[in-house]
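S.K.: What follows is run25.cif, made up of mmCIF, C-alpha atoms and all ligand atoms:
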data_coords
#
loop_
_atom_site.label_atom_id
_atom_site.label_comp_id
_atom_site.auth_asym_id
_atom_site.auth_seq_id
_atom_site.Cartn_x
_atom_site.Cartn_y
_atom_site.Cartn_z
CA MET A 1 -0.87 46.35 16.22
CA ALA A 2 1.20 43.36 15.30
CA SER A 3 4.95 43.86 15.36
CA PRO A 4 6.88 43.01 12.18
CA THR A 5 8.38 40.00 13.93
CA VAL A 6 4.95 38.61 14.73
CA VAL A 7 3.79 39.21 11.16
CA ILE A 8 6.83 37.41 9.73
CA ALA A 9 6.52 34.58 12.22
CA SER A 10 2.87 34.06 11.36
CA LEU A 11 3.60 34.24 7.62
CA VAL A 12 6.22 31.53 8.04
CA PHE A 13 3.79 29.55 10.16
CA TYR A 14 0.92 29.81 7.69
CA SER A 15 3.04 29.01 4.68
CA PHE A 16 4.21 25.89 6.52
CA ILE A 17 0.61 24.90 7.21
CA ALA A 18 -0.34 25.68 3.61
CA SER A 19 2.39 23.54 2.10
CA PHE A 20 1.59 20.73 4.50
CA SER A 21 -2.09 20.69 3.67
CA VAL A 22 -1.34 20.90 -0.06
CA ALA A 23 0.76 17.76 0.27
CA ALA A 24 -2.11 15.93 1.95
CA ASN A 25 -4.94 17.07 -0.29
CA PHE A 26 -6.67 14.29 -2.16
CA TYR A 27 -8.01 16.71 -4.80
CA ASN A 28 -4.42 17.45 -5.87
CA ASP A 29 -3.12 13.92 -5.96
CA PHE A 30 -5.98 11.57 -6.85
CA ASP A 31 -8.93 11.05 -9.16
CA ILE A 32 -11.94 8.95 -8.28
CA THR A 33 -12.05 6.72 -11.33
CA TRP A 34 -15.13 4.54 -10.96
CA GLY A 35 -18.14 3.78 -8.79
CA ASP A 36 -20.62 6.43 -9.93
CA GLY A 37 -20.45 8.62 -6.82
CA ARG A 38 -19.56 5.83 -4.39
CA GLY A 39 -16.03 7.22 -4.06
CA GLN A 40 -15.83 10.68 -2.53
CA ILE A 41 -13.27 13.27 -1.50
CA VAL A 42 -14.56 15.22 1.49
CA ASN A 43 -13.43 17.58 4.30
CA ASN A 44 -11.67 19.96 1.87
CA GLY A 45 -9.63 17.13 0.45
CA GLU A 46 -8.43 15.68 3.75
CA LEU A 47 -10.49 12.52 3.60
CA LEU A 48 -11.34 10.09 0.82
CA THR A 49 -13.98 7.40 1.18
CA LEU A 50 -14.80 4.44 -1.02
CA SER A 51 -18.01 2.51 -0.72
CA LEU A 52 -19.52 -0.67 -1.99
CA ASP A 53 -23.12 -1.77 -2.34
CA LYS A 54 -24.82 -4.52 -4.23
CA ALA A 55 -24.72 -2.57 -7.50
CA SER A 56 -21.05 -1.48 -7.50
CA GLY A 57 -17.80 -0.86 -5.67
CA SER A 58 -15.58 2.15 -6.29
CA GLY A 59 -11.98 3.15 -6.81
CA PHE A 60 -9.43 5.90 -7.25
CA GLN A 61 -5.99 6.38 -8.75
CA SER A 62 -3.14 8.84 -8.38
CA LYS A 63 -2.77 11.63 -10.88
CA ASN A 64 0.99 11.08 -10.88
CA GLU A 65 3.05 8.14 -11.97
CA TYR A 66 6.06 7.33 -9.82
CA LEU A 67 9.33 5.57 -10.45
CA PHE A 68 10.49 4.77 -6.92
CA GLY A 69 9.09 6.30 -3.80
CA LYS A 70 8.27 6.09 -0.15
CA ILE A 71 4.52 6.19 -0.12
CA ASP A 72 2.42 6.35 3.02
CA MET A 73 -1.35 6.23 3.32
CA GLN A 74 -3.60 5.90 6.33
CA LEU A 75 -6.54 3.55 5.91
CA LYS A 76 -9.49 2.67 8.09
CA LEU A 77 -11.14 -0.45 6.79
CA VAL A 78 -14.78 -1.49 6.49
CA PRO A 79 -16.00 -2.11 10.07
CA GLY A 80 -18.42 -4.70 11.39
CA ASN A 81 -19.43 -7.51 9.11
CA SER A 82 -17.09 -6.91 6.14
CA ALA A 83 -17.03 -10.55 5.01
CA GLY A 84 -16.73 -10.89 1.25
CA THR A 85 -15.35 -7.38 0.73
CA VAL A 86 -11.81 -6.62 -0.43
CA THR A 87 -10.04 -3.30 -0.15
CA ALA A 88 -7.06 -3.23 -2.49
CA TYR A 89 -4.37 -0.58 -2.22
CA TYR A 90 -1.50 -0.95 -4.64
CA LEU A 91 1.01 0.43 -7.09
CA SER A 92 0.86 -0.76 -10.67
CA SER A 93 2.29 0.00 -14.09
CA LYS A 94 0.50 -0.76 -17.34
CA GLY A 95 0.81 -3.31 -20.14
CA SER A 96 1.14 -7.07 -20.35
CA THR A 97 4.50 -7.18 -18.54
CA TRP A 98 3.45 -4.88 -15.75
CA ASP A 99 4.95 -4.41 -12.30
CA GLU A 100 2.75 -4.28 -9.22
CA ILE A 101 3.14 -3.95 -5.44
CA ASP A 102 -0.02 -4.95 -3.56
CA PHE A 103 -1.71 -4.58 -0.23
CA GLU A 104 -5.14 -6.24 -0.13
CA PHE A 105 -7.36 -6.33 2.93
CA LEU A 106 -9.73 -9.27 3.07
CA GLY A 107 -12.80 -8.55 5.17
CA ASN A 108 -14.35 -10.85 7.74
CA LEU A 109 -17.35 -11.39 9.98
CA SER A 110 -17.66 -9.03 12.96
CA GLY A 111 -14.97 -9.84 15.48
CA ASP A 112 -13.04 -12.14 13.14
CA PRO A 113 -9.68 -10.89 11.91
CA TYR A 114 -8.96 -9.31 8.55
CA ILE A 115 -6.23 -10.85 6.45
CA LEU A 116 -3.62 -8.54 4.98
CA HIS A 117 -2.61 -10.07 1.68
CA THR A 118 0.53 -8.85 -0.17
CA ASN A 119 2.06 -9.60 -3.55
CA VAL A 120 4.82 -8.37 -5.84
CA PHE A 121 4.65 -8.62 -9.62
CA SER A 122 7.65 -7.99 -11.81
CA GLN A 123 7.28 -7.97 -15.56
CA GLY A 124 3.81 -9.53 -15.41
CA LYS A 125 4.72 -12.34 -13.05
CA GLY A 126 3.31 -12.45 -9.53
CA ASN A 127 2.61 -15.60 -7.49
CA ARG A 128 4.51 -14.09 -4.58
CA GLU A 129 1.78 -13.96 -1.98
CA GLN A 130 2.45 -13.43 1.69
CA GLN A 131 -0.45 -13.01 4.10
CA PHE A 132 -0.52 -11.55 7.58
CA SER A 133 -2.85 -11.07 10.44
CA LEU A 134 -2.54 -7.72 12.20
CA TRP A 135 -1.73 -6.87 15.82
CA PHE A 136 -4.68 -4.45 15.97
CA ASP A 137 -8.21 -4.15 14.63
CA PRO A 138 -7.75 -2.19 11.35
CA THR A 139 -11.38 -1.01 11.37
CA VAL A 140 -11.35 1.01 14.61
CA ASP A 141 -8.70 3.61 13.74
CA PHE A 142 -6.60 4.80 10.86
CA HIS A 143 -3.27 2.99 10.48
CA THR A 144 -0.40 3.80 8.16
CA TYR A 145 0.42 1.39 5.34
CA SER A 146 3.66 2.19 3.55
CA ILE A 147 5.56 1.05 0.53
CA LEU A 148 9.23 1.89 0.26
CA TRP A 149 10.28 1.18 -3.32
CA ASN A 150 13.83 1.99 -4.32
CA PRO A 151 16.51 0.38 -6.51
CA GLN A 152 17.62 -1.87 -3.62
CA GLY A 153 14.24 -3.39 -2.90
CA ILE A 154 10.65 -3.06 -1.76
CA ILE A 155 9.65 -2.85 1.90
CA PHE A 156 6.03 -3.08 3.06
CA SER A 157 5.39 -1.50 6.47
CA VAL A 158 2.45 -1.14 8.82
CA ASP A 159 2.61 1.78 11.26
CA GLY A 160 6.34 1.97 10.57
CA THR A 161 6.96 -1.72 11.29
CA PRO A 162 8.34 -3.59 8.27
CA ILE A 163 6.30 -6.70 7.49
CA ARG A 164 7.79 -7.79 4.18
CA GLU A 165 10.90 -7.19 2.13
CA PHE A 166 11.41 -8.03 -1.55
CA LYS A 167 15.04 -7.43 -2.35
CA ASN A 168 16.41 -6.53 -5.72
CA ILE A 169 18.31 -9.67 -6.65
CA GLU A 170 18.42 -9.11 -10.37
CA SER A 171 22.00 -10.30 -10.18
CA LYS A 172 20.50 -13.75 -9.45
CA GLY A 173 18.15 -13.52 -12.40
CA VAL A 174 14.98 -12.39 -10.58
CA PRO A 175 13.36 -9.48 -12.43
CA PHE A 176 12.86 -6.41 -10.25
CA PRO A 177 10.43 -3.53 -10.85
CA LYS A 178 12.71 -0.64 -11.73
CA ALA A 179 11.92 0.61 -15.20
CA GLN A 180 8.14 1.03 -15.41
CA PRO A 181 6.50 3.98 -13.66
CA MET A 182 3.54 3.04 -11.47
CA ARG A 183 0.40 4.78 -10.30
CA ILE A 184 -1.24 4.31 -6.91
CA TYR A 185 -4.63 2.61 -7.11
CA SER A 186 -7.23 1.62 -4.60
CA SER A 187 -10.59 -0.03 -4.85
CA LEU A 188 -13.27 -1.55 -2.69
CA TRP A 189 -15.17 -4.39 -4.28
CA ASN A 190 -17.10 -7.58 -3.67
CA ALA A 191 -15.01 -10.75 -3.85
CA ASP A 192 -17.16 -13.12 -1.86
CA ASP A 193 -16.29 -15.99 -4.19
CA TRP A 194 -12.82 -16.19 -2.52
CA ALA A 195 -12.06 -13.48 0.03
CA THR A 196 -13.41 -14.73 3.34
CA ARG A 197 -12.53 -18.23 4.46
CA GLY A 198 -11.81 -19.04 0.86
CA GLY A 199 -15.30 -18.00 -0.30
CA LEU A 200 -17.31 -19.85 2.34
CA VAL A 201 -18.65 -16.65 3.89
CA LYS A 202 -20.67 -14.45 1.54
CA THR A 203 -21.23 -10.72 1.64
CA ASP A 204 -24.27 -9.78 3.73
CA TRP A 205 -25.82 -6.98 1.69
CA THR A 206 -28.14 -5.98 4.54
CA HIS A 207 -25.03 -4.23 5.96
CA ALA A 208 -24.35 -2.23 2.76
CA PRO A 209 -23.05 0.29 1.95
CA PHE A 210 -19.61 -0.78 3.12
CA THR A 211 -17.12 2.07 3.50
CA ALA A 212 -13.33 2.34 3.75
CA SER A 213 -11.58 5.66 4.49
CA TYR A 214 -8.23 7.18 3.55
CA ARG A 215 -6.28 10.13 4.86
CA ASN A 216 -2.77 11.63 5.26
CA PHE A 217 -1.35 10.52 1.95
CA ASN A 218 2.35 11.31 1.80
CA ALA A 219 4.73 10.53 -1.03
CA ASN A 220 8.46 11.10 -1.02
CA ALA A 221 8.75 9.91 -4.53
CA CYS A 222 10.23 10.40 -7.96
CA ILE A 223 7.43 11.63 -10.16
CA TRP A 224 7.60 10.34 -13.70
CA SER A 225 6.41 12.74 -16.34
CA SER A 226 6.93 12.91 -20.11
CA GLY A 227 9.66 10.30 -19.98
CA SER A 228 11.75 11.78 -17.20
CA SER A 229 12.02 11.59 -13.45
CA SER A 230 11.75 14.42 -10.93
CA CYS A 231 14.68 12.86 -9.08
CA PRO A 232 18.25 13.61 -10.09
CA SER A 233 19.60 10.61 -12.00
CA ASN A 234 23.36 11.01 -11.76
CA SER A 235 24.09 12.30 -8.27
CA PRO A 236 23.95 9.47 -5.75
CA PRO A 237 21.45 10.34 -3.01
CA SER A 238 23.15 11.46 0.17
CA SER A 239 21.91 10.24 3.51
CA THR A 240 21.18 13.78 4.64
CA SER A 241 19.13 14.85 1.65
CA SER A 242 15.37 14.58 1.45
CA ASN A 243 15.96 11.74 -1.00
CA SER A 244 17.58 9.51 1.63
CA TRP A 245 14.70 7.03 1.17
CA LEU A 246 16.17 6.25 -2.27
CA SER A 247 19.04 4.37 -0.65
CA GLN A 248 17.26 3.28 2.53
CA GLU A 249 17.53 -0.35 3.59
CA LEU A 250 16.51 -2.18 6.77
CA ASP A 251 18.91 -1.51 9.63
CA SER A 252 19.48 -4.23 12.21
CA SER A 253 16.68 -3.16 14.53
CA ASN A 254 14.22 -3.09 11.63
CA GLN A 255 15.49 -6.50 10.51
CA GLU A 256 14.56 -7.75 13.97
CA ARG A 257 11.11 -6.19 13.82
CA LEU A 258 10.57 -7.78 10.41
CA GLN A 259 11.52 -11.18 11.85
CA TRP A 260 9.15 -10.63 14.75
CA VAL A 261 6.22 -9.91 12.41
CA GLN A 262 7.08 -12.81 10.14
CA LYS A 263 7.34 -15.18 13.06
CA ASN A 264 4.18 -14.08 14.87
CA TYR A 265 1.81 -12.68 12.24
CA MET A 266 2.57 -14.30 8.92
CA ILE A 267 -0.13 -16.79 8.00
CA TYR A 268 0.88 -17.68 4.46
CA ASN A 269 4.23 -17.51 2.70
CA TYR A 270 4.66 -18.67 -0.90
CA CYS A 271 8.32 -19.23 -0.10
CA THR A 272 7.47 -22.14 2.19
CA ASP A 273 4.71 -23.61 0.01
CA THR A 274 6.66 -26.54 -1.41
CA LYS A 275 3.46 -28.27 -2.58
CA ARG A 276 2.68 -25.34 -4.81
CA PHE A 277 6.13 -25.31 -6.37
CA PRO A 278 7.00 -28.98 -6.92
CA GLN A 279 9.78 -27.97 -9.35
CA GLY A 280 11.45 -25.97 -6.59
CA LEU A 281 10.76 -22.72 -4.79
CA PRO A 282 11.18 -19.44 -6.71
CA SER A 283 14.84 -18.29 -6.65
CA GLU A 284 14.19 -15.22 -4.47
CA CYS A 285 13.05 -17.60 -1.71
CA ASN A 286 16.47 -19.14 -1.33
CA THR A 287 18.26 -15.96 -0.32
CA ALA A 288 18.41 -14.99 3.31
C1 LIG B 1 -11.79 -14.77 9.15
O1 LIG B 1 -11.94 -15.41 10.39
C2 LIG B 1 -11.74 -16.82 10.36
C3 LIG B 1 -12.04 -17.35 11.74
O2 LIG B 1 -11.22 -16.72 12.71
C4 LIG B 1 -10.32 -17.11 9.90
O3 LIG B 1 -10.16 -18.51 9.75
C5 LIG B 1 -10.03 -16.41 8.57
O4 LIG B 1 -8.67 -16.57 8.22
C6 LIG B 1 -10.34 -14.93 8.71
N1 LIG B 1 -10.04 -14.10 7.53
C7 LIG B 1 -10.50 -14.30 6.31
C8 LIG B 1 -10.19 -13.22 5.33
O5 LIG B 1 -11.16 -15.27 5.96
#
Would you give me this structure, written as C-alpha cells?
Ligand SMILES: *[C@@H]1O[C@H](CO)[C@@H](O)[C@H](O)[C@H]1NC(C)=O
M.R.:
Amino acid sequence: MASPTVVIASLVFYSFIASFSVAANFYNDFDITWGDGRGQIVNNGELLTLSLDKASGSGFQSKNEYLFGKIDMQLKLVPGNSAGTVTAYYLSSKGSTWDEIDFEFLGNLSGDPYILHTNVFSQGKGNREQQFSLWFDPTVDFHTYSILWNPQGIIFSVDGTPIREFKNIESKGVPFPKAQPMRIYSSLWNADDWATRGGLVKTDWTHAPFTASYRNFNANACIWSSGSSSCPSNSPPSSTSSNSWLSQELDSSNQERLQWVQKNYMIYNYCTDTKRFPQGLPSECNTA
C-alpha cells in the first residue's frame, strides 16, 4: 500500500510531467497549413516533420499570435544531398507593412555546409540579411534555434549562443517591430533557382522526399488574443519573475560570444555591403 506521502509525491511528479508535455505538444500549439499530408505531427505530438517532393513542399504555423517572446525550437535539417531545398523558420505578422524575423536554412550537397540566412523586417522593409555557417552539422542532431524578441531588441541564438542582435533604435528613426503580433511559421520548399551556390546546384529529386524535423517547442511569450496581451502591460517585469526575458539584454559574456560568432562564422553582412548601399549603409549599421 502506498503511503499518503508517496501518493502526494507522485501526484506532484505526474502533474509536473503533464504540464511539461502539454507545453511541448505540437497538436496544442501548431497547425499544419499546407502540403497535403507532407507535414505531420507524430509521436503523440512530440515530433513534427515537414517533407518536400517534386510535387510540393509543406508548412505549419502556430495557433497563437505573439507580441514579444522568447521562442525556442529544435530543428534537425534535411540530411544528405539537400541542395536546392530551403527550410524557413520565422515569425511574421500580416499585411503590407508586416514585421518578420527570419531563420532560413539553405541546403547543400552532401558534406558541404548549410548556410543559415537571417533577416529582420520592420513595417514591410527587410534587406537586412546576415548569413552564417554553423560550427556543427545541423543535419545529424537536433539543435535549438531561438528568437528573443522584446521591446529592447531581437536576439537570434543557436544552442544558446547569440549569433545576431537587432537593437531597438527607434530613437534614431529605425522602425522596430513592436506593435504587430506575429505567428510562428515554418516551411520546407524547393528554391533551387537561388538557394545553393546562388542557384548553380539544382535539387536532385532522386533523393526525395526531403524531410526536416522539429521538437521541443518552448515559448515564454506574450500571447496576443482579441486585441490584448497575456502579459501585464503596466507593471515593469522584474528580473526574478518568469517574464524576465521581457527585459533581457546581452550581458558582457554573451556580447563576447556574439562577437566570436560574427568574427568566425558570419559569411555575409548587409551592414558591410557598401556596394549594395551606394547612398550609405542603413542607419542601424552605424551603431555599435
Ligand atoms: C555549399 O557549399 C559550397 C562549397 O563549400 C559553398 O560555397 C556554399 O556557400 C555552400 N552553401 C550554399 C547554401 O550554397
S.K.: Residues within 10 Å of Arg197 of chain A, please, as number ranges by chain. Count only C-alpha atoms; anything in the same chain fewer than 4 positions from it doesn't count.
M.R.: A: 83-84, 106-108, 115, 192-193, 201-202
S.K.: Just the number, please: distance in Å from atom CA of Ile155 of chain A to atom CA of Gln255 of chain A, one decimal.
M.R.: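 Those two atoms sit 11.0 Å apart.
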S.K.: Pick from A:Trp205, A:Tyr214, A:Trp245, A:Trp98: nearest to Thr139 of chain A, with only C-alpha atoms counted?
M.R.: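 So, comparing all the options, the nearest one is A:Tyr214.
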S.K.: Which is closer to Asp31 of chain A than all the others in A:Ile184, A:Arg128, A:Tyr270, A:Met73, using only C-alpha atoms?
M.R.: A:Ile184
S.K.: Let me have all residues with an atom within 12 Å of ligand LIG 1 (chain B), counting all atoms listed in the file, laid out as number ranges by chain.
M.R.: A: 81-87, 104-117, 131-134, 191-203, 265-268
S.K.: Can you tell me how far atom CA of Phe30 of chain A sits from atom CA of Ile71 of chain A, in Å to one decimal?
M.R.: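 Value for the atom CA of Phe30 of chain A-atom CA of Ile71 of chain A distance: 13.6 Å.
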S.K.: Report as a PyMOL selection string all protein, DNA and RNA residues lying within 7 Å of segment 58-70 of chain A, evaluated on all atoms listed in the file, omitting residues in the same chain fewer than 3 positions from it.
M.R.: chain A and resi 29-35+38-39+50-52+147-150+180-189+219-224+245
S.K.: Could you put an axis-aligned box around every listed atom of segment 218-227 of chain A, padded by 5 Å on each side, and send me its centre and edge lengths in Å to one decimal, as JSON?
M.R.:
{"center_x": 6.3, "center_y": 11.4, "center_z": -9.2, "size_x": 17.9, "size_y": 13.0, "size_z": 31.9}
S.K.: So that I can see what lies close to Ala24 of chain A, please list as a PyMOL selection string the residues with an atom at most 10 Å from it, counting all atoms listed in the file and leaving out residues fewer than 3 positions away in the same chain.
M.R.: chain A and resi 19-21+27-29+45-47+73+215-219
S.K.: Go ahead and write the selection's residues with C-alpha atoms as a PDB file, in the frame of the given file.
M.R.:
ATOM      1  CA  SER A  19       2.390  23.540   2.100  1.00  0.00           C
ATOM      2  CA  PHE A  20       1.590  20.730   4.500  1.00  0.00           C
ATOM      3  CA  SER A  21      -2.090  20.690   3.670  1.00  0.00           C
ATOM      4  CA  TYR A  27      -8.010  16.710  -4.800  1.00  0.00           C
ATOM      5  CA  ASN A  28      -4.420  17.450  -5.870  1.00  0.00           C
ATOM      6  CA  ASP A  29      -3.120  13.920  -5.960  1.00  0.00           C
ATOM      7  CA  GLY A  45      -9.630  17.130   0.450  1.00  0.00           C
ATOM      8  CA  GLU A  46      -8.430  15.680   3.750  1.00  0.00           C
ATOM      9  CA  LEU A  47     -10.490  12.520   3.600  1.00  0.00           C
ATOM     10  CA  MET A  73      -1.350   6.230   3.320  1.00  0.00           C
ATOM     11  CA  ARG A 215      -6.280  10.130   4.860  1.00  0.00           C
ATOM     12  CA  ASN A 216      -2.770  11.630   5.260  1.00  0.00           C
ATOM     13  CA  PHE A 217      -1.350  10.520   1.950  1.00  0.00           C
ATOM     14  CA  ASN A 218       2.350  11.310   1.800  1.00  0.00           C
ATOM     15  CA  ALA A 219       4.730  10.530  -1.030  1.00  0.00           C
TER      16      ALA A 219
END
S.K.: Do a neighbour search on segment 274-285 of chain A at 9 Å with all atoms listed in the file, toss out local chain neighbours closer than 3 positions, and write the hits as a PyMOL selection string.
M.R.: chain A and resi 128+166-167+169+172-174+270-271+288
S.K.: Write a file for segment 120-180 of chain A of the given structure; include C-alpha atoms and format it as a PDB file, in the first residue's frame.
M.R.:
ATOM      1  CA  VAL A 120      14.585  41.290 -39.955  1.00  0.00           C
ATOM      2  CA  PHE A 121      11.667  43.151 -41.496  1.00  0.00           C
ATOM      3  CA  SER A 122      10.048  46.099 -39.815  1.00  0.00           C
ATOM      4  CA  GLN A 123       6.958  47.669 -41.310  1.00  0.00           C
ATOM      5  CA  GLY A 124       7.403  45.829 -44.605  1.00  0.00           C
ATOM      6  CA  LYS A 125      11.059  46.675 -45.080  1.00  0.00           C
ATOM      7  CA  GLY A 126      13.715  43.971 -44.906  1.00  0.00           C
ATOM      8  CA  ASN A 127      17.038  43.977 -46.779  1.00  0.00           C
ATOM      9  CA  ARG A 128      18.821  43.198 -43.530  1.00  0.00           C
ATOM     10  CA  GLU A 129      20.382  39.871 -44.397  1.00  0.00           C
ATOM     11  CA  GLN A 130      23.136  38.298 -42.362  1.00  0.00           C
ATOM     12  CA  GLN A 131      24.356  34.804 -43.210  1.00  0.00           C
ATOM     13  CA  PHE A 132      26.301  32.336 -41.118  1.00  0.00           C
ATOM     14  CA  SER A 133      27.932  28.999 -41.388  1.00  0.00           C
ATOM     15  CA  LEU A 134      27.472  26.753 -38.366  1.00  0.00           C
ATOM     16  CA  TRP A 135      30.026  25.154 -36.045  1.00  0.00           C
ATOM     17  CA  PHE A 136      28.276  21.771 -36.360  1.00  0.00           C
ATOM     18  CA  ASP A 137      26.444  19.726 -38.966  1.00  0.00           C
ATOM     19  CA  PRO A 138      22.768  20.729 -38.466  1.00  0.00           C
ATOM     20  CA  THR A 139      21.503  17.520 -40.100  1.00  0.00           C
ATOM     21  CA  VAL A 140      22.948  14.984 -37.646  1.00  0.00           C
ATOM     22  CA  ASP A 141      21.198  16.078 -34.441  1.00  0.00           C
ATOM     23  CA  PHE A 142      18.551  18.450 -33.220  1.00  0.00           C
ATOM     24  CA  HIS A 143      19.835  21.924 -32.321  1.00  0.00           C
ATOM     25  CA  THR A 144      17.989  24.758 -30.654  1.00  0.00           C
ATOM     26  CA  TYR A 145      17.242  27.902 -32.646  1.00  0.00           C
ATOM     27  CA  SER A 146      15.882  30.752 -30.553  1.00  0.00           C
ATOM     28  CA  ILE A 147      14.426  34.164 -31.064  1.00  0.00           C
ATOM     29  CA  LEU A 148      14.330  36.560 -28.139  1.00  0.00           C
ATOM     30  CA  TRP A 149      12.043  39.425 -29.114  1.00  0.00           C
ATOM     31  CA  ASN A 150      11.365  42.097 -26.545  1.00  0.00           C
ATOM     32  CA  PRO A 151      10.965  45.900 -26.561  1.00  0.00           C
ATOM     33  CA  GLN A 152      14.761  46.365 -26.339  1.00  0.00           C
ATOM     34  CA  GLY A 153      15.650  44.283 -29.357  1.00  0.00           C
ATOM     35  CA  ILE A 154      15.779  40.960 -31.157  1.00  0.00           C
ATOM     36  CA  ILE A 155      18.435  38.332 -30.456  1.00  0.00           C
ATOM     37  CA  PHE A 156      18.896  35.245 -32.641  1.00  0.00           C
ATOM     38  CA  SER A 157      20.626  32.339 -30.875  1.00  0.00           C
ATOM     39  CA  VAL A 158      21.823  28.876 -31.806  1.00  0.00           C
ATOM     40  CA  ASP A 159      22.134  26.388 -28.937  1.00  0.00           C
ATOM     41  CA  GLY A 160      22.086  29.343 -26.555  1.00  0.00           C
ATOM     42  CA  THR A 161      24.880  31.205 -28.344  1.00  0.00           C
ATOM     43  CA  PRO A 162      23.758  34.594 -29.681  1.00  0.00           C
ATOM     44  CA  ILE A 163      24.574  34.999 -33.371  1.00  0.00           C
ATOM     45  CA  ARG A 164      22.782  38.234 -34.208  1.00  0.00           C
ATOM     46  CA  GLU A 165      21.312  41.210 -32.423  1.00  0.00           C
ATOM     47  CA  PHE A 166      18.927  43.793 -33.882  1.00  0.00           C
ATOM     48  CA  LYS A 167      18.538  46.536 -31.332  1.00  0.00           C
ATOM     49  CA  ASN A 168      15.543  48.756 -30.951  1.00  0.00           C
ATOM     50  CA  ILE A 169      16.916  52.106 -32.073  1.00  0.00           C
ATOM     51  CA  GLU A 170      13.626  53.747 -32.885  1.00  0.00           C
ATOM     52  CA  SER A 171      15.057  56.824 -31.212  1.00  0.00           C
ATOM     53  CA  LYS A 172      17.369  57.032 -34.264  1.00  0.00           C
ATOM     54  CA  GLY A 173      14.476  56.667 -36.675  1.00  0.00           C
ATOM     55  CA  VAL A 174      14.771  52.931 -37.425  1.00  0.00           C
ATOM     56  CA  PRO A 175      11.343  51.264 -37.198  1.00  0.00           C
ATOM     57  CA  PHE A 176      11.256  48.354 -34.753  1.00  0.00           C
ATOM     58  CA  PRO A 177       8.714  45.501 -34.673  1.00  0.00           C
ATOM     59  CA  LYS A 178       6.736  46.202 -31.524  1.00  0.00           C
ATOM     60  CA  ALA A 179       3.099  46.739 -32.392  1.00  0.00           C
ATOM     61  CA  GLN A 180       2.071  43.896 -34.705  1.00  0.00           C
TER      62      GLN A 180
END
